[in-house]
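Content type compact mmCIF, C-alpha atoms, from the file protein_16.txt:
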# COMPACT_ATOMS: atom_id res chain seq x y z
CA MET A 1 18.16 -5.52 17.27
CA SER A 2 15.58 -5.59 20.02
CA GLU A 3 11.87 -5.37 19.59
CA THR A 4 9.83 -2.20 19.96
CA PRO A 5 8.76 -1.19 23.51
CA ASP A 6 5.38 -2.84 22.83
CA HIS A 7 7.28 -6.00 21.80
CA ARG A 8 6.32 -5.93 18.15
CA ILE A 9 8.89 -7.00 15.56
CA ARG A 10 9.75 -4.03 13.32
CA VAL A 11 9.70 -4.76 9.60
CA VAL A 12 10.85 -2.70 6.61
CA LEU A 13 9.51 -3.56 3.14
CA VAL A 14 11.70 -3.04 0.07
CA ASP A 15 10.11 -3.65 -3.35
CA ASP A 16 9.76 -1.49 -6.44
CA GLN A 17 6.10 -2.47 -6.81
CA GLN A 18 3.88 -0.42 -4.55
CA MET A 19 1.04 -2.93 -4.71
CA VAL A 20 3.37 -5.69 -3.49
CA ARG A 21 4.43 -3.53 -0.54
CA ALA A 22 0.81 -2.67 0.20
CA GLY A 23 -0.14 -6.35 0.26
CA PHE A 24 2.76 -7.24 2.55
CA ARG A 25 1.97 -4.30 4.84
CA MET A 26 -1.66 -5.36 5.16
CA VAL A 27 -0.71 -8.91 6.12
CA ILE A 28 2.08 -7.90 8.51
CA ASP A 29 0.18 -5.13 10.27
CA SER A 30 -2.70 -7.54 10.89
CA GLN A 31 -0.47 -9.48 13.28
CA PRO A 32 -0.30 -8.42 16.95
CA ASP A 33 3.44 -9.11 17.19
CA LEU A 34 4.53 -7.41 13.94
CA VAL A 35 4.56 -3.85 12.60
CA VAL A 36 5.79 -2.24 9.38
CA VAL A 37 7.99 0.74 10.27
CA GLY A 38 9.22 1.71 6.81
CA GLU A 39 9.07 1.10 3.07
CA ALA A 40 11.35 1.69 0.10
CA GLY A 41 10.94 1.26 -3.64
CA ASP A 42 14.64 0.84 -4.47
CA GLY A 43 17.93 -0.14 -2.88
CA ASP A 44 19.28 3.38 -2.33
CA THR A 45 16.12 4.46 -0.53
CA ALA A 46 16.19 1.27 1.51
CA VAL A 47 19.67 2.03 2.81
CA GLU A 48 18.61 5.62 3.63
CA VAL A 49 15.52 4.42 5.49
CA LEU A 50 17.43 1.80 7.47
CA THR A 51 20.15 4.28 8.39
CA THR A 52 17.59 6.35 10.28
CA THR A 53 14.87 3.81 11.14
CA ALA A 54 15.39 1.05 13.70
CA ALA A 55 14.24 -2.26 12.23
CA ASP A 56 14.51 -5.94 13.10
CA VAL A 57 13.75 -7.60 9.77
CA VAL A 58 13.86 -6.43 6.15
CA LEU A 59 11.95 -8.09 3.32
CA MET A 60 14.16 -7.22 0.34
CA ASP A 61 13.27 -7.73 -3.31
CA ILE A 62 16.33 -8.85 -5.28
CA ARG A 63 15.68 -7.23 -8.64
CA MET A 64 14.98 -3.50 -8.54
CA PRO A 65 16.03 -0.52 -10.68
CA GLY A 66 19.19 1.32 -9.64
CA THR A 67 20.79 -0.28 -6.60
CA ASP A 68 19.45 -3.83 -6.58
CA GLY A 69 18.57 -5.95 -3.58
CA ILE A 70 21.94 -7.68 -3.48
CA GLU A 71 23.97 -4.49 -3.13
CA ALA A 72 21.36 -3.01 -0.78
CA THR A 73 21.60 -6.14 1.38
CA ARG A 74 25.40 -5.82 1.46
CA GLN A 75 25.14 -2.19 2.63
CA VAL A 76 22.34 -2.83 5.11
CA THR A 77 24.07 -5.78 6.78
CA ALA A 78 27.18 -3.62 7.16
CA LEU A 79 25.34 -1.07 9.32
CA PRO A 80 26.39 -0.81 13.00
CA GLU A 81 23.23 -2.57 14.24
CA PRO A 82 21.99 -4.35 11.14
CA PRO A 83 18.55 -5.89 10.80
CA ARG A 84 18.23 -9.38 9.42
CA VAL A 85 17.42 -9.53 5.72
CA VAL A 86 15.12 -11.96 3.95
CA VAL A 87 15.46 -11.67 0.17
CA LEU A 88 12.43 -12.15 -2.05
CA THR A 89 12.98 -14.12 -5.22
CA THR A 90 11.40 -16.27 -7.92
CA PHE A 91 12.51 -19.57 -9.41
CA ASP A 92 14.07 -17.88 -12.45
CA LEU A 93 16.46 -15.81 -10.34
CA ASP A 94 18.36 -18.60 -8.58
CA GLU A 95 21.78 -17.13 -9.31
CA TYR A 96 20.78 -13.97 -7.46
CA VAL A 97 19.93 -16.00 -4.37
CA VAL A 98 23.52 -17.24 -4.13
CA ALA A 99 24.81 -13.67 -4.44
CA ALA A 100 22.31 -12.39 -1.85
CA ILE A 101 23.35 -15.02 0.69
CA GLY A 102 26.95 -14.01 0.10
CA ALA A 103 25.94 -10.39 0.68
CA GLY A 104 24.65 -11.24 4.15
CA ALA A 105 21.01 -12.26 3.75
CA SER A 106 19.65 -14.51 6.49
CA GLY A 107 17.36 -16.39 4.15
CA PHE A 108 15.21 -16.25 1.08
CA LEU A 109 11.51 -16.47 0.34
CA LEU A 110 9.56 -16.95 -2.85
CA LYS A 111 7.56 -13.85 -3.74
CA ASP A 112 4.45 -15.96 -4.29
CA ALA A 113 4.75 -17.75 -0.95
CA PRO A 114 1.50 -17.84 1.05
CA PRO A 115 1.05 -15.15 3.74
CA GLU A 116 1.59 -17.56 6.62
CA GLU A 117 4.95 -18.58 5.17
CA MET A 118 6.04 -14.97 4.83
CA LEU A 119 5.00 -14.25 8.43
CA GLY A 120 6.83 -17.35 9.57
CA ALA A 121 9.97 -16.18 7.77
CA VAL A 122 9.89 -12.83 9.57
CA ARG A 123 9.48 -14.47 12.97
CA THR A 124 12.10 -17.12 12.23
CA VAL A 125 14.90 -14.74 11.28
CA HIS A 126 14.03 -12.43 14.16
CA ALA A 127 14.41 -15.37 16.54
CA GLY A 128 17.95 -15.85 15.25
CA ASP A 129 17.39 -18.72 12.86
CA SER A 130 17.54 -18.62 9.08
CA VAL A 131 14.82 -19.25 6.57
CA ILE A 132 15.78 -22.63 5.17
CA ALA A 133 13.15 -25.16 6.18
CA ALA A 134 9.96 -23.92 4.51
CA SER A 135 8.63 -26.24 1.82
CA SER A 136 9.01 -23.72 -0.98
CA THR A 137 12.52 -22.90 0.19
CA ARG A 138 13.36 -26.61 0.10
CA ARG A 139 12.25 -26.68 -3.54
CA LEU A 140 14.30 -23.58 -4.25
CA LEU A 141 17.35 -25.21 -2.68
CA LEU A 142 17.04 -27.95 -5.28
CA HIS A 143 17.65 -25.27 -7.91
CA VAL A 144 20.29 -23.33 -5.99
CA ALA A 145 22.33 -26.18 -4.47
CA PRO A 146 24.23 -27.11 -7.66
CA MET A 147 25.43 -23.50 -7.96
CA LEU A 148 26.63 -23.50 -4.35
CA ARG A 149 29.13 -26.20 -5.19
CA GLY A 150 32.39 -24.28 -5.50
CA ALA A 151 30.75 -20.89 -4.93
CA SER A 152 33.09 -18.38 -3.37
CA THR A 153 32.23 -14.99 -1.93
CA ALA A 154 33.93 -12.86 0.68
CA ALA A 155 31.00 -13.17 3.08
CA LEU A 156 31.07 -16.96 3.14
CA PRO A 157 33.35 -19.14 5.28
CA GLY A 158 36.84 -19.16 3.79
CA SER A 159 38.47 -22.57 4.25
CA ASP A 160 35.93 -25.30 3.63
CA ASP A 161 38.21 -28.27 4.34
CA ARG A 162 39.55 -26.89 7.62
CA ALA A 163 36.07 -25.85 8.70
CA LEU A 164 34.64 -29.35 8.22
CA ALA A 165 37.70 -31.03 9.75
CA ALA A 166 37.13 -29.09 12.97
CA LEU A 167 33.67 -30.63 13.46
CA THR A 168 33.02 -33.71 15.57
CA PRO A 169 31.08 -36.58 13.93
CA ARG A 170 27.87 -35.49 15.71
CA GLU A 171 28.38 -31.87 14.67
CA ARG A 172 28.74 -33.00 11.06
CA GLU A 173 25.50 -34.94 11.41
CA VAL A 174 23.79 -31.84 12.77
CA LEU A 175 25.14 -29.77 9.87
CA VAL A 176 23.75 -32.30 7.40
CA GLN A 177 20.33 -32.07 9.02
CA MET A 178 20.50 -28.27 8.97
CA ALA A 179 21.31 -28.40 5.26
CA LEU A 180 18.30 -30.63 4.65
CA GLY A 181 16.08 -27.98 6.21
CA ALA A 182 15.45 -29.60 9.59
CA SER A 183 14.54 -27.37 12.52
CA ASN A 184 16.16 -27.75 15.93
CA THR A 185 13.05 -29.58 17.13
CA GLU A 186 13.20 -32.02 14.21
CA ILE A 187 16.93 -32.62 14.73
CA ALA A 188 16.31 -33.29 18.42
CA GLU A 189 13.63 -35.84 17.57
CA SER A 190 15.87 -37.50 14.97
CA PHE A 191 18.81 -37.90 17.36
CA VAL A 192 16.65 -38.47 20.47
CA VAL A 193 18.26 -35.63 22.39
CA SER A 194 16.96 -32.42 23.93
CA GLU A 195 16.44 -29.31 21.86
CA ALA A 196 18.87 -27.52 24.17
CA THR A 197 21.55 -30.04 23.20
CA VAL A 198 20.83 -29.42 19.52
CA LYS A 199 21.14 -25.67 20.03
CA THR A 200 24.55 -26.26 21.61
CA HIS A 201 25.63 -28.37 18.63
CA VAL A 202 24.36 -25.76 16.17
CA GLY A 203 26.22 -23.03 18.02
CA ARG A 204 29.45 -25.04 17.86
CA VAL A 205 28.95 -25.73 14.15
CA LEU A 206 28.56 -22.01 13.48
CA ALA A 207 31.57 -21.11 15.61
CA LYS A 208 33.90 -23.78 14.22
CA THR A 209 33.00 -23.09 10.58
CA GLY A 210 33.10 -19.32 10.98
CA SER A 211 29.50 -19.09 9.79
CA ARG A 212 27.53 -16.00 10.69
CA ASP A 213 24.24 -17.93 10.76
CA ARG A 214 22.55 -21.12 9.62
CA VAL A 215 22.41 -19.96 6.01
CA GLN A 216 26.20 -19.72 5.80
CA ALA A 217 26.56 -23.14 7.41
CA VAL A 218 24.12 -24.62 4.89
CA VAL A 219 26.00 -23.02 2.02
CA LEU A 220 29.20 -24.59 3.37
CA ALA A 221 27.56 -28.02 3.44
CA TYR A 222 26.65 -27.77 -0.24
CA ARG A 223 29.90 -26.12 -1.31
CA THR A 224 31.93 -28.97 0.13
CA GLY A 225 29.67 -31.72 -1.15
CA LEU A 226 28.79 -32.83 2.39
CA VAL A 227 25.18 -32.64 1.20
CA GLN A 228 24.06 -33.13 -2.40
CA PRO A 229 20.87 -31.87 -4.09
CA VAL A 230 19.74 -35.50 -4.39
CA ASP A 231 19.71 -35.67 -0.59
CA LEU A 232 16.95 -33.04 -0.57
CA LEU A 233 14.85 -35.21 -2.86
CA ARG A 234 15.47 -38.32 -0.77
CA ASP A 235 14.64 -36.45 2.45
CA ALA A 236 11.48 -34.80 1.07
Starting from the file, lay out its structure as structure tokens.
Amino acid sequence: MSETPDHRIRVVLVDDQQMVRAGFRMVIDSQPDLVVVGEAGDGDTAVEVLTTTAADVVLMDIRMPGTDGIEATRQVTALPEPPRVVVLTTFDLDEYVVAAIGAGASGFLLKDAPPEEMLGAVRTVHAGDSVIAASSTRRLLLHVAPMLRGASTAALPGSDDRALAALTPREREVLVQMALGASNTEIAESFVVSEATVKTHVGRVLAKTGSRDRVQAVVLAYRTGLVQPVDLLRDA
């Protein structure tokens, strides 16, 4: 979706704790380029709000009473002009992260992440990238990666072997770097190429693997064993 006429990124907050939403709203509304346009305390209300309210990014709590964040994410990302969804989680809910990514989330963020990391996540997914590279997300990947091995959901790329076989050697290298949390700028520096070239490679990786976004491509890398959790530790 596009930004508001005044160019602010429209955010909807979904969390069953009002104080959490209030804290997020205060931080987000303090930024000149961001604005909260709606709130919801459960998944059903979130879907209702997003059916009638134009939004760019949703911060979605995973565990809520009634319709949880996973099902709400699935319904929201199926809307005609869906916003991008960042799911909020904690270390003890790793299995829900895998399900949320399969439901269409563009990334995940720890609920206790510092404000600047949360703001960065909103801006990152709005720009078309996925929230993978943040330091806390890297640590979370260490927990989630083993469960991605062999994971299978309808929203994820279907044929892992064929998807990887279609990639050129350089595209595989780019996918590995993506899975390790590297940004386009970092990949460009690593390979000594322009950032525009990296963007082209990333686009081809997404197209050839049938991945909707970087998150799906990263999931593919772990599912196939192209990248192992130990690689995250070695790269840290």
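What separates CA of Leu164 (chain A) from CA of Thr77 (chain A) is a distance of 25.9 Å.
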Fill in: Selected residue, from A:Glu48, A:Asp16, A:Asp213, A:Asp56, that lies nearest to Arg123 (chain A) when counting all atoms listed in the file
A:Asp56
Let me know the centre plus edge lengths, in Å and rounded to one decimal, of a box with edges along x, y and z that contains all listed atoms of region 174-185 of chain A and is padded by 4 Å on every side, as JSON.
{"center_x": 19.1, "center_y": -29.8, "center_z": 10.9, "size_x": 20.1, "size_y": 12.9, "size_z": 20.5}
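Taking CA of Thr51 (chain A) and CA of Val125 (chain A) as the two end points, the separation is 19.9 Å.
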Worksheet item: Taking into account all atoms listed in the file, which residue in the set A:Val57, A:Leu79, A:Val37, A:Val12 is nearest to Gly107 (chain A)?
Response: A:Val57
Worksheet entry | Minimum-distance residue to Thr89 (chain A), chosen among A:Ala103, A:Ala188, A:Ala72, A:Leu59 (using all atoms listed in the file) | A:Leu59
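CA of Arg84 (chain A) sits 6.9 Å away from CA of Ala105 (chain A).
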Discussion item. Excluding Val14 (chain A) and its own-chain neighbours fewer than 4 positions away, which residues fall within 9 Å of it when counting only C-alpha atoms? Please give them as a ChimeraX atom specification.
Written reply: /A:21,38-43,45-46,58-61,69
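Using only C-alpha atoms, the shortest contact distance between Thr224 (chain A) and any of A:Lys208, A:Arg162, A:Lys199, A:Arg170 is found at A:Arg162.
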Item to complete: Using all atoms listed in the file, find all polymer residues with an atom at most 10 Å away from the point (34.2, -28.0, 14.7); report them as a PyMOL selection string.
Response: chain A and resi 162-172+201+203-210
Could you rebuild region 54-65 of chain A with N, CA and C atoms and give it back as a CSV table (one decimal), in the coordinates of the input?
chain,number,residue,atom,x,y,z
A,54,ALA,N,15.0,2.3,13.0
A,54,ALA,CA,15.4,1.0,13.7
A,54,ALA,C,14.5,0.0,13.2
A,55,ALA,N,15.0,-1.1,12.7
A,55,ALA,CA,14.2,-2.3,12.2
A,55,ALA,C,14.9,-3.6,12.7
A,56,ASP,N,14.0,-4.6,12.7
A,56,ASP,CA,14.5,-5.9,13.1
A,56,ASP,C,14.7,-6.8,11.9
A,57,VAL,N,13.7,-6.7,10.9
A,57,VAL,CA,13.8,-7.6,9.8
A,57,VAL,C,13.4,-6.8,8.5
A,58,VAL,N,14.1,-7.1,7.4
A,58,VAL,CA,13.9,-6.4,6.2
A,58,VAL,C,13.4,-7.5,5.1
A,59,LEU,N,12.3,-7.2,4.5
A,59,LEU,CA,12.0,-8.1,3.3
A,59,LEU,C,12.4,-7.4,2.1
A,60,MET,N,13.4,-7.9,1.4
A,60,MET,CA,14.2,-7.2,0.3
A,60,MET,C,14.0,-7.9,-1.0
A,61,ASP,N,13.4,-7.2,-2.0
A,61,ASP,CA,13.3,-7.7,-3.3
A,61,ASP,C,14.7,-7.7,-3.9
A,62,ILE,N,15.0,-8.8,-4.7
A,62,ILE,CA,16.3,-8.8,-5.3
A,62,ILE,C,16.5,-7.9,-6.5
A,63,ARG,N,15.5,-8.0,-7.4
A,63,ARG,CA,15.7,-7.2,-8.6
A,63,ARG,C,14.9,-5.9,-8.6
A,64,MET,N,15.6,-4.8,-8.6
A,64,MET,CA,15.0,-3.5,-8.5
A,64,MET,C,15.8,-2.6,-9.4
A,65,PRO,N,15.2,-1.5,-9.9
A,65,PRO,CA,16.0,-0.5,-10.7
A,65,PRO,C,17.1,0.2,-9.8
